[in-house]
Every structure is written in C-alpha cells, then in structure tokens.
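To keep things clear, I will list the structure first and then write my remarks on it.
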Amino acid sequence: MKQLPARVILLLGIAGSAQAADNLFLGGTDQSSLGSYSYLGALVPIGQGQLGNGWVMRQWFDRLIGYQWPVGDGSNHAGLYAGLRVVHTQLSPDDPSNVDRGTHARFTLQGELTSQLGAMVQNQLLAQGEFGNGAYYVRDRLAWRVFGHYTFGPEAIAKGSSVYQAREAGLFFGGIAITSRMSLLVRGGVNQQPGQPTVGDFSVEMSASF
C-alpha cells in the first residue's frame, strides 16, 4: 500500500537558518518496497509573522494555517497547525474497500516542538493526526550538529490509520549545501508493518529559503 503523505520535515528546525522574512520551499521523497510518497510545498509567513515566531501558511496540495512561537529563552520553538489536506492514494494491489483509496479532502492537525538540549544537540518532535480515517504520524529526531553546519542523528517514526500501522527507525544526515540558500537531508532506515517483512527505507528531503 502506498502510505499516506506526512510532513516528514520538522519545519522549525529548518526555519532557524532562514532569514526572518523569508519563505521556505520544501520537497522530498521517501521510497521503500512497502510504499512510497513524495511532496512539494512552501512555508510562507503571514502579515508580520516570521518563520519561528508568528502566523504562517503551509501551502501544499493542502493548506494549513498555523502559529509558531519561541519557548523559554527563545532557543526552543513550538508550532501548531490546522487545515484541510487533499490526498490521492493509489493501492497495489487495488483494494476498493480501503477508506484511503482515491482522492480525499480531510481536516488535519499538526504540532511541532524543537528543544535545544545543549550547544550541539536538538530534539525535533512532530505529531500529526487526520480526521476521517484515523491517520497519524509521529516522529522524534535527535539532531547533533557536526563538522560545523551539518546535522546527524537517529530518528524513530510511528504512523498508521484505521487500515495499517507501521514503525520506522533510521539515521539521517542533513545540512548538505546545494547552494547558499538550498540544502539536502538524506535518511536511511528500516520499515516494519505487521504481517510484512522488515524492509529498507530511504528518503531525501530538500529545503530552500527564498
């Protein structure tokens, strides 16, 4: 089954390196033999908002409105989003009884929390839920800053809906500069679903401020 798209980038962790008034372009793909997804979108401040502090719009094939704010001394950040998400899911083999089959528009909520645990390490937590099919996506990523501007660390993911559950564990390496305003993150790990063999999983994430 092709898995539901989810926000696999913790936006606040990326936004910290962008200029205050910048928009942030995001894209990526995740591939495994159990399923795949790709996404493309942008994070745009609204009015006087800034990335990491104020109202922002997340524009994909859905549109989420949310608010980001600094926590504590400003080294930590939180975000909360709500909106309508439009998703198209193809199944192989086809399953007409699957509630996610085809194109659906559903209400979704998402929260994010970035916690600075020291001068060189940051915890990045993301949780998303969707009404109508019980879909959820939770990811915790522990990011160490290495070799100057790169990030490296482990992550764990729990995701599912009323028709499937899956768990992932892996390692990521980010901060790979493509241009002065564009960078990549690569990730590899394992994906396990009940009743299915454990398989490898690989993803690439891209961010660019503009």
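Residues in the structure tokens are numbered from 1 in each chain, the chains being A, B, ... in the order shown, and ligands are numbered from 1 in the order shown.
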
Within 10 Å of Val71 (chain A) using only C-alpha atoms, minus same-chain residues under 4 positions, as a PyMOL selection string: chain A and resi 53+75-78+113-115

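The environment of Gly49 (chain A) within 9 Å, counting only C-alpha atoms and disregarding residues fewer than 3 places along the same chain, consists of Ala20, Ala21, Val44, Pro45, Ile46, Gly52, Asn53, Gly54, Trp55, Val56, Tyr67 and Gln68 of chain A.
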
Hey, can you spit out that residue selection with C-alpha atoms as a compact mmCIF listing (two decimals), in the first residue's frame?
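Output file result00.txt is given in full below:
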```
# COMPACT_ATOMS: atom_id res chain seq x y z
CA ALA A 20 13.27 36.25 9.38
CA ALA A 21 11.00 37.32 6.50
CA VAL A 44 5.05 31.34 3.98
CA PRO A 45 4.84 33.93 6.82
CA ILE A 46 1.52 35.82 7.02
CA GLY A 52 9.65 30.52 14.05
CA ASN A 53 7.60 33.39 15.52
CA GLY A 54 4.13 34.31 14.26
CA TRP A 55 1.42 33.26 11.83
CA VAL A 56 2.47 31.16 8.87
CA TYR A 67 1.27 29.70 14.56
CA GLN A 68 4.91 29.31 15.63
```

Could you make a table, as a tab-separated table, of the residues of region 58-161 of chain A that have an atom within 10 Å of an atom of region 168-172 of chain A, each with its nearest atom pair and distance in Å to one decimal, counting only C-alpha atoms, in chain and number order?
```
residue	atom	partner	partner_atom	distance
A:Arg139	CA	A:Glu168	CA	9.2
A:Asp140	CA	A:Ala169	CA	9.9
A:Arg141	CA	A:Phe172	CA	8.8
A:Leu142	CA	A:Phe172	CA	9.5
A:Ala143	CA	A:Phe172	CA	8.5
A:Thr151	CA	A:Phe172	CA	7.9
A:Phe152	CA	A:Phe172	CA	5.6
A:Gly153	CA	A:Leu171	CA	5.6
A:Pro154	CA	A:Leu171	CA	4.4
A:Glu155	CA	A:Gly170	CA	5.5
A:Ala156	CA	A:Ala169	CA	4.6
A:Ile157	CA	A:Glu168	CA	4.9
A:Ala158	CA	A:Glu168	CA	6.6
A:Lys159	CA	A:Glu168	CA	8.5
```

Deliver the residues from the most recent selection as a file, using N, CA and C atoms, as a compact mmCIF listing (two decimals), in the first residue's frame.
```
# COMPACT_ATOMS: atom_id res chain seq x y z
N ARG A 139 6.94 11.53 14.75
CA ARG A 139 8.37 11.33 14.54
C ARG A 139 9.18 12.10 15.58
N ASP A 140 10.18 11.44 16.13
CA ASP A 140 11.12 12.09 17.04
C ASP A 140 12.51 11.94 16.45
N ARG A 141 13.20 13.07 16.30
CA ARG A 141 14.51 13.11 15.65
C ARG A 141 15.49 13.82 16.58
N LEU A 142 16.62 13.19 16.88
CA LEU A 142 17.65 13.76 17.73
C LEU A 142 18.81 14.18 16.84
N ALA A 143 19.04 15.48 16.74
CA ALA A 143 19.98 16.02 15.76
C ALA A 143 21.21 16.61 16.44
N THR A 151 24.09 18.20 10.27
CA THR A 151 23.35 17.56 11.36
C THR A 151 23.34 16.06 11.13
N PHE A 152 23.36 15.32 12.23
CA PHE A 152 23.41 13.86 12.15
C PHE A 152 22.75 13.28 13.39
N GLY A 153 22.02 12.16 13.23
CA GLY A 153 21.44 11.54 14.40
C GLY A 153 20.41 10.48 14.07
N PRO A 154 19.80 9.89 15.10
CA PRO A 154 18.78 8.86 14.92
C PRO A 154 17.38 9.46 14.89
N GLU A 155 16.44 8.68 14.37
CA GLU A 155 15.04 9.07 14.42
C GLU A 155 14.17 7.82 14.53
N ALA A 156 12.99 8.01 15.11
CA ALA A 156 12.00 6.94 15.23
C ALA A 156 10.66 7.47 14.76
N ILE A 157 9.90 6.65 14.03
CA ILE A 157 8.63 7.06 13.44
C ILE A 157 7.56 6.01 13.74
N ALA A 158 6.38 6.48 14.16
CA ALA A 158 5.20 5.63 14.28
C ALA A 158 4.11 6.26 13.41
N LYS A 159 3.48 5.46 12.56
CA LYS A 159 2.46 6.01 11.66
C LYS A 159 1.43 4.93 11.36
```

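By only C-alpha atoms, and with residues fewer than 6 positions from Trp144 (chain A) along its chain excluded, the set lying at most 10 Å from it is Leu117, Gly118, Ala119, Met120, Val121, Gln122, Asn123, Tyr150, Thr151, Phe152, Gly153, Pro154, Phe173 and Gly174 of chain A.
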
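Neighbours of Gln192 (chain A) closer than or equal to 8 Å, with only C-alpha atoms counted and sequence neighbours fewer than 6 positions away skipped, come out as A:Ala166, A:Arg167, A:Glu168, A:Thr198, A:Val199.
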
Restricting to only C-alpha atoms, whichever of A:Ser33, A:Thr108, A:Asn191, A:Gln116 is closest to Leu80 (chain A) is A:Thr108

Where does DSSP see helix (DSSP H, G or I) in region 4-153 of chain A, if you list the residues as a compact mmCIF listing (two decimals) with C-alpha atoms, in the first residue's frame?
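File out-v7.txt, as written:
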```
# COMPACT_ATOMS: atom_id res chain seq x y z
CA LEU A 11 9.93 22.87 9.73
CA LEU A 12 11.02 24.74 12.80
CA GLY A 13 14.40 23.06 12.79
CA ILE A 14 14.97 24.21 9.20
CA ALA A 15 13.47 27.64 9.70
```

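Among the candidates A:Ala208, A:Gln165, A:Gly132, A:Asp201, the residue lying nearest to Arg181 (chain A) is A:Ala208 (atoms considered: only C-alpha atoms).
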
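Among the candidate residues A:Phe210, A:Asn98, A:Val186, A:Asp73, the one lying nearest to Tyr164 (chain A) is A:Asn98, with distances computed using only C-alpha atoms.
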
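Nearest-residue note for Asn133 (chain A): choosing from A:Leu24, A:Val87, A:Ala177, A:Leu185, the minimum distance belongs to A:Val87, counting only C-alpha atoms.
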
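Distances from A:Leu40, A:Leu109, A:Phe25, A:Asp30 to Leu64 (chain A) were compared using only C-alpha atoms, and the smallest one belongs to A:Leu109.
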
Practice item. Could you find all residues in chain A that DSSP calls strand (DSSP E or B) from the backbone, and write them as number ranges by chain? Key: A: 24-32, 35-45, 50, 53-59, 63-71, 76-89, 102-116, 121-130, 136-146, 150-160, 165-179, 182-192, 199-209
